[in-house]
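First comes the structure, then the notes that go with it.
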Amino acid sequence: MVAIMVARGDGIGPEIITPQGGGYKSINVTMRKTLGLYANIRPVRSYHPIRSGHKELVGLDLFLDWQTENGRDPDELAAALSKINGDELQLVMITNRGQKVWPERHPETFCTDHWRCRFQTPGEGPLPGAAITHAQIVSLLERAHAAGLDFIKIENLYRFDGELGFSLGQGQT
């Protein structure tokens with residue numbers, strides 16, 4: 001049976017039932033053993049990884065859970081975040097639900113309590129400037145915590161061989 005299936009090019013499909021007890025060998029088990037297809041070994045094509053020659057940490061996206069008694073005003077959040085700027089990292093943009101809400105926003109944008117706040121070193125236009133260190137990120141997070149900001153996670157922003165390894169935010173050109 002296995003020889004016929006191999007000759008026809010048939011594949012292994014799901015079984016309707018799993019046999020219990022001894023004496024009966026599943027066709028799938030028989031085919032796997034015959035063809036050398038074991039649990040964690042599958043025939044795959046392996047490509048050599050492309051290694052970057054130079055990787056620079058240039059900023060971070062800080063994700064916050066934030067709102068006040070007054071609601072969810074992005075300008076109020078920007079004022080709070082501007083107080084934790086430092087170590088070369090500056091707030092450059094805030095987004096909410098994928099929409100840029102600071103600086104400049106459509107006044108009728110509905111905001112939730114989850115915010116992405118991009119910090120990077122000053123550069124040309126929206127592009128980040130000099131590389132930063134992990135210590136500078138830790139320092140920024142300590143200042144955010146001391147300011148009572150509830151951060152959910154961060155995503156580091158990298159430049160690889162001079163090319164951005166992240167997308168610019170909406171409105172950044």
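By convention in this document, the chains of the structure tokens carry letters A, B, ... by their order, each chain's residues are numbered from 1, and ligands are numbered from 1 in the order they are shown.
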
Quick one: everything within 10 Å of segment 91-101 of chain A, counting only C-alpha atoms, minus sequence neighbours fewer than 2 positions away in the same chain. Send it as an NGL selection string. :A and (59-63 or 73-75 or 77-79 or 81-86 or 89 or 103-107 or 109-122 or 126 or 128 or 169-172)

In Å, rounded to a single decimal, give me how far atom CA of Leu64 of chain A is from atom CA of Phe160 of chain A. 26.7 Å

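Atom to atom, atom CA of Lys55 of chain A and atom CA of Trp102 of chain A stand 28.6 Å apart.
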